[in-house]
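Structure first, then comments.
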Amino acid sequence: MAAPPRMNRADQQLDFEALKRLIHGKLVDKLDLNRLGELQGDNLRREIRMVVEHLCDTENPLLNRSERERLIEEVLDETFGFGPLEILMKQDGVADIMINGPKNVFVEKNGRIQKSEVTFRDNDHLLQILDRIVSRVGRRIDETSPMCDARLPDGSRLNAIIPPLALDGPSLTIRKFGSKPLGLEDLLKFGAFTPEMVMLMEGAIKARLNIIISGGTGSGKTTLLNTLSSFVQNDHRVITIEDAAELQLQQAHVLRLETRPANIEGKGRVSATDLVKNALRMRPDRIIIGECRGPESLDMLQAMNTGHEGSMTTVHANNPRDAVSRIETMVTMGGVELPLKAIRQQMASAVDLIIQASRLQGGPRKVTYITEVLNMEQETIIMQDIFRFVQDGIDEDGRAYGHFEATGVRPACMPRLEAAGVRLPGNLFQARPL
């Protein structure tokens with residue numbers, strides 16, 4: 001008797017997907033899935049797992065142990081979680097997930113982008129998972145509102161855009177954040193900065209200097225902001241303002257605010273500008289804006305200038321000088337009739353330090369500048385670099401390498417640090433490689 005023909009891997013995968021859809025469909029018939037959001041805990045998952053195990057044994061008792069377990073987990077992920085996304089969210093080392101339609105899923109792992117084997121069945125499957133994600137955090141995405149920012153339960157940030165704006169199917173970008181954010185020791189170990197730079201940054205936070213963290217996309221601005229916030233005194237009342245909450249401050253007295261998009265009628269929008277103005281009435285010691293990207297920049301500068309020292313924010317810019325220009329542009333975007341010189345005077349008196357975060361070739365992230373903002377001379381804001389990173393070249397793996405150095409400039413803010421009880425070594429700023 002002839003042996004049955006062996007199926008190739010593609011056919012096996014199709015059969016597996018068909019079986020998974022069948023079991024998931026039967027599970028949906030058995031359960032009121034609308035109540036799953038109301039029920040919590042491991043007991044529910046265990047009960048549903050028993051139902052799925054029974055369906056597996058009924059529909060295909062010939063599955064081997066590993067296939068059966070994989071099938072059960074994937075059906076549970078489809079039911080409770082984010083379907084095929086679950087495996088990527090659980091993978092260590094994945095920093096970004098980029099989905100360009102249902103069949104093209106890419107991940108950034110260890111600083112490099114690579115294509116993943118994970119796929120979705122079709123556009124409808126991807127839209128179903130996307131809708132589940134955004135609806136859990138009070139957002140929506142549909143043809144009338146085809147773009148969305150949201151956050152996942154673990155704090156990861158999601159941006160999505162769907163047809164008709166995205167031509168090749170729904171597109172998702174997820175910036176992963178673990179339950180335990182990277183701390184100071186982690187960043188020192190990775191060589192993001194040096195202990196000497198930490199001394200100045202810690203002193204600046206404790207002396208309540210106003211700080212802007214500048215950097216490009218994926219340069220580590222939010223991670224750096226989280227790390228610096230650990231130096232904030234525990235008895236300070238800190239108010240954070242974000243579009244999609246991702247800051248993970250460790251202080252006891254933190255009030256988190258999040259902007260809100262307009263509803264389907266175009267009403268109910270709450271902008272960062274609205275939240276900054278409201279935060280000023282809430283007796284904050286410090287205000288932290290996750291990212292300045294519009295007219296709220298002027299409100300932030302005014303807050304820094306009116307007794308809310310020690311405030312922090314991030315901006316998208318390639319170097320400290322560009323960060324100043326970008327803030328100027330964002331202030332004028334608000335339609336405020338202010339002369340450019342007046343905006344620069346506001347900035348020069350409000351901002352004390354600009355910390356530049358950069359993602360270098362090959363993936364390493366470094367603090368490339370710590371720059372002090374001094375004052376105005378005629379029409380120009382005067383700044384000076386205290387520490388900087390000098391790139392020496394590219395190694396055989398295509399990764400940039402270099403060294404940090406002190407420029408030999410003693411910060412003009414030293415009297416403020418000393419008045420706040422911050423004592424730094426006398427030779428900390430001596431010109432030398434670090």
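Following the order of the structure tokens, chains are lettered A, B, ..., residues in each are numbered from 1, and ligands are numbered from 1.
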Do you know which residues are at most 12 Å from Tyr369 (chain A) counting only C-alpha atoms, after dropping those on the same chain fewer than 2 positions away, and could you put them as an MDAnalysis selection string?
chainID A and resid 192:194 197 201 212:215 318:321 323 353:358 366:367 371:372 383:390 403:407
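The coordinates place CA of Phe231 (chain A) at 9.3 Å from CA of Gln251 (chain A).
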Exercise: region 312-314 of chain A partners within 8 Å, only C-alpha atoms, chain neighbours under 6 positions left out, as number ranges by chain:
A: 210-215, 221-222, 225, 286-292
Output of the above residues as a PDB file, in the first residue's frame, restricted to N, CA and C atoms:
ATOM      1  N   ASN A 210      16.073  73.734  33.958  1.00  0.00           N
ATOM      2  CA  ASN A 210      15.123  73.340  32.915  1.00  0.00           C
ATOM      3  C   ASN A 210      15.888  72.672  31.776  1.00  0.00           C
ATOM      4  N   ILE A 211      15.405  71.517  31.359  1.00  0.00           N
ATOM      5  CA  ILE A 211      16.166  70.674  30.426  1.00  0.00           C
ATOM      6  C   ILE A 211      15.311  70.297  29.225  1.00  0.00           C
ATOM      7  N   ILE A 212      15.904  70.384  28.052  1.00  0.00           N
ATOM      8  CA  ILE A 212      15.298  69.877  26.820  1.00  0.00           C
ATOM      9  C   ILE A 212      16.140  68.710  26.327  1.00  0.00           C
ATOM     10  N   ILE A 213      15.486  67.591  26.065  1.00  0.00           N
ATOM     11  CA  ILE A 213      16.165  66.436  25.476  1.00  0.00           C
ATOM     12  C   ILE A 213      15.827  66.431  23.985  1.00  0.00           C
ATOM     13  N   SER A 214      16.844  66.536  23.176  1.00  0.00           N
ATOM     14  CA  SER A 214      16.682  66.632  21.727  1.00  0.00           C
ATOM     15  C   SER A 214      17.175  65.339  21.083  1.00  0.00           C
ATOM     16  N   GLY A 215      16.553  64.956  19.981  1.00  0.00           N
ATOM     17  CA  GLY A 215      17.011  63.751  19.289  1.00  0.00           C
ATOM     18  C   GLY A 215      16.086  63.373  18.155  1.00  0.00           C
ATOM     19  N   LYS A 221      15.141  59.235  23.348  1.00  0.00           N
ATOM     20  CA  LYS A 221      14.753  60.422  24.121  1.00  0.00           C
ATOM     21  C   LYS A 221      13.886  60.057  25.324  1.00  0.00           C
ATOM     22  N   THR A 222      12.874  59.216  25.092  1.00  0.00           N
ATOM     23  CA  THR A 222      11.960  58.872  26.181  1.00  0.00           C
ATOM     24  C   THR A 222      12.676  58.061  27.255  1.00  0.00           C
ATOM     25  N   LEU A 225      14.671  60.482  29.224  1.00  0.00           N
ATOM     26  CA  LEU A 225      13.807  61.280  30.083  1.00  0.00           C
ATOM     27  C   LEU A 225      13.367  60.483  31.306  1.00  0.00           C
ATOM     28  N   ARG A 286       7.080  70.482  39.115  1.00  0.00           N
ATOM     29  CA  ARG A 286       7.715  70.304  37.806  1.00  0.00           C
ATOM     30  C   ARG A 286       6.663  69.848  36.806  1.00  0.00           C
ATOM     31  N   ILE A 287       6.844  70.291  35.572  1.00  0.00           N
ATOM     32  CA  ILE A 287       5.990  69.832  34.471  1.00  0.00           C
ATOM     33  C   ILE A 287       6.885  69.122  33.465  1.00  0.00           C
ATOM     34  N   ILE A 288       6.464  67.941  33.067  1.00  0.00           N
ATOM     35  CA  ILE A 288       7.211  67.179  32.062  1.00  0.00           C
ATOM     36  C   ILE A 288       6.292  66.918  30.876  1.00  0.00           C
ATOM     37  N   ILE A 289       6.651  67.478  29.724  1.00  0.00           N
ATOM     38  CA  ILE A 289       5.895  67.206  28.493  1.00  0.00           C
ATOM     39  C   ILE A 289       6.650  66.134  27.710  1.00  0.00           C
ATOM     40  N   GLY A 290       5.954  65.030  27.430  1.00  0.00           N
ATOM     41  CA  GLY A 290       6.608  63.914  26.754  1.00  0.00           C
ATOM     42  C   GLY A 290       7.277  64.339  25.466  1.00  0.00           C
ATOM     43  N   GLU A 291       6.603  65.198  24.686  1.00  0.00           N
ATOM     44  CA  GLU A 291       7.224  65.726  23.468  1.00  0.00           C
ATOM     45  C   GLU A 291       6.536  67.026  23.075  1.00  0.00           C
ATOM     46  N   CYS A 292       7.312  68.076  22.881  1.00  0.00           N
ATOM     47  CA  CYS A 292       6.781  69.330  22.345  1.00  0.00           C
ATOM     48  C   CYS A 292       6.763  69.217  20.826  1.00  0.00           C
TER      49      CYS A 292
END
Rank nothing, just name the residue among A:Met414, A:Ala18, A:Ile174, A:Leu434 nearest to Ala95 (chain A), using only C-alpha atoms.
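With only C-alpha atoms as the atom set, the closest residue is A:Ile174.
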Could you list, as a CSV table (one decimal) with N, CA and C atoms, in the first residue's frame, every residue within 12 Å of Val198 (chain A), counting only C-alpha atoms and ignoring same-chain residues fewer than 5 positions away?
chain,number,residue,atom,x,y,z
A,184,LEU,N,19.6,53.7,35.0
A,184,LEU,CA,20.9,54.4,34.9
A,184,LEU,C,22.0,53.4,34.6
A,185,GLU,N,22.0,52.3,35.4
A,185,GLU,CA,23.1,51.4,35.3
A,185,GLU,C,23.1,50.7,34.0
A,187,LEU,N,22.1,52.0,31.1
A,187,LEU,CA,22.5,52.9,30.0
A,187,LEU,C,24.0,53.2,30.2
A,188,LEU,N,24.5,53.1,31.4
A,188,LEU,CA,26.0,53.2,31.6
A,188,LEU,C,26.7,52.0,31.0
A,191,GLY,N,27.0,52.1,27.4
A,191,GLY,CA,27.9,53.2,26.9
A,191,GLY,C,27.2,54.4,26.3
A,192,ALA,N,25.9,54.6,26.8
A,192,ALA,CA,25.1,55.8,26.3
A,192,ALA,C,25.7,57.1,26.8
A,193,PHE,N,26.4,57.1,27.9
A,193,PHE,CA,27.1,58.2,28.5
A,193,PHE,C,28.1,57.8,29.5
A,203,GLY,N,23.1,66.5,38.9
A,203,GLY,CA,23.1,67.8,39.6
A,203,GLY,C,22.2,68.8,39.0
A,204,ALA,N,22.0,68.8,37.7
A,204,ALA,CA,21.1,69.7,37.0
A,204,ALA,C,19.7,69.5,37.4
A,205,ILE,N,19.3,68.2,37.5
A,205,ILE,CA,17.9,67.8,38.0
A,205,ILE,C,17.7,68.3,39.4
A,224,LEU,N,15.8,58.2,28.0
A,224,LEU,CA,16.7,59.2,28.7
A,224,LEU,C,15.9,60.0,29.7
A,227,THR,N,15.0,58.1,32.7
A,227,THR,CA,16.2,57.9,33.5
A,227,THR,C,16.5,59.2,34.3
A,228,LEU,N,16.5,60.3,33.7
A,228,LEU,CA,16.7,61.6,34.4
A,228,LEU,C,15.7,61.9,35.4
A,230,SER,N,14.4,60.0,37.4
A,230,SER,CA,14.7,59.2,38.7
A,230,SER,C,15.5,60.1,39.7
A,231,PHE,N,16.1,61.2,39.2
A,231,PHE,CA,16.8,62.1,40.1
A,231,PHE,C,15.9,63.1,40.7
A,355,ILE,N,20.2,68.4,26.1
A,355,ILE,CA,20.9,67.1,26.1
A,355,ILE,C,20.5,66.4,24.8
A,367,VAL,N,24.4,59.8,24.1
A,367,VAL,CA,24.2,61.2,24.4
A,367,VAL,C,25.4,61.9,23.8
A,370,ILE,N,26.0,67.5,25.7
A,370,ILE,CA,25.3,68.2,26.8
A,370,ILE,C,25.7,69.7,26.7
A,387,PHE,N,30.0,68.6,27.4
A,387,PHE,CA,30.5,67.3,27.1
A,387,PHE,C,30.0,67.0,25.7
A,424,LEU,N,30.3,69.1,42.9
A,424,LEU,CA,30.9,68.3,41.8
A,424,LEU,C,32.4,68.4,41.9
A,428,LEU,N,36.1,68.0,37.1
A,428,LEU,CA,35.1,67.3,36.3
A,428,LEU,C,35.1,67.8,34.9
For the alpha helix (DSSP H) assignment from backbone DSSP, which residues of region 75-178 of chain A qualify? Please present them as a PyMOL selection string.
chain A and resi 75-80+85-90+123-136
What would the file look like if the residues just selected were written as a compact mmCIF listing (two decimals), in the first residue's frame with C-alpha atoms?
# COMPACT_ATOMS: atom_id res chain seq x y z
CA VAL A 75 -6.13 30.48 19.63
CA LEU A 76 -5.89 31.98 23.13
CA ASP A 77 -3.87 34.89 21.73
CA GLU A 78 -6.56 35.47 19.09
CA THR A 79 -9.21 35.43 21.82
CA PHE A 80 -7.58 37.44 24.61
CA LEU A 85 1.47 40.30 17.51
CA GLU A 86 1.66 38.47 20.83
CA ILE A 87 4.73 36.44 19.88
CA LEU A 88 6.61 39.61 18.83
CA MET A 89 5.57 41.50 21.96
CA LYS A 90 6.97 38.67 24.09
CA ASN A 123 -6.32 42.94 5.80
CA ASP A 124 -9.49 42.14 7.74
CA HIS A 125 -7.55 40.07 10.28
CA LEU A 126 -5.03 42.86 10.80
CA LEU A 127 -7.83 45.45 11.12
CA GLN A 128 -9.61 43.27 13.66
CA ILE A 129 -6.50 43.07 15.86
CA LEU A 130 -5.85 46.79 15.43
CA ASP A 131 -9.40 47.67 16.41
CA ARG A 132 -9.08 45.51 19.52
CA ILE A 133 -5.90 47.35 20.54
CA VAL A 134 -7.17 50.90 20.08
CA SER A 135 -10.65 50.31 21.50
CA ARG A 136 -9.12 49.18 24.80
Contact residues around Leu255 (chain A) with only C-alpha atoms at 7 Å, ignoring same-chain residues under 3 positions, as number ranges by chain:
A: 238-240
Output N, CA and C atoms for every residue in the selection just made, as a tab-separated table (two decimals), in the first residue's frame.
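Contents of the output file part_34.tsv:
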chain	number	residue	atom	x	y	z
A	238	VAL	N	4.92	66.15	40.43
A	238	VAL	CA	5.30	66.15	39.02
A	238	VAL	C	4.05	65.88	38.18
A	239	ILE	N	3.82	66.72	37.17
A	239	ILE	CA	2.71	66.51	36.24
A	239	ILE	C	3.29	66.21	34.87
A	240	THR	N	2.89	65.08	34.30
A	240	THR	CA	3.36	64.70	32.96
A	240	THR	C	2.23	64.88	31.95
List as a PyMOL selection string the protein and nucleic acid residues near region 295-310 of chain A, meaning an atom at most 9 Å away when only C-alpha atoms are counted, but skip any in the same chain fewer than 4 places from it.
chain A and resi 204-211+232+271-277+280+284-289+327-328+330-336+343+346-347+349-351
Name the closest residue to Leu22 (chain A) among the candidates A:Val409, A:Gln114, A:Glu377, A:Leu71; distances are taken between atoms, counting only C-alpha atoms.
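Nearest to Leu22 (chain A): A:Leu71.
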Would you return as a VMD selection string the members of region 330-387 of chain A that DSSP assigns to strand (DSSP E or B) on this structure's backbone?
chain A and resid 353 to 359 365 to 377 380 to 387
Nearest residue to Thr119 (chain A) from the set A:Ser66, A:Asn278, A:Asn104, A:Asn226 (distances using only C-alpha atoms):
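So, comparing all the options, the nearest one is A:Asn104.
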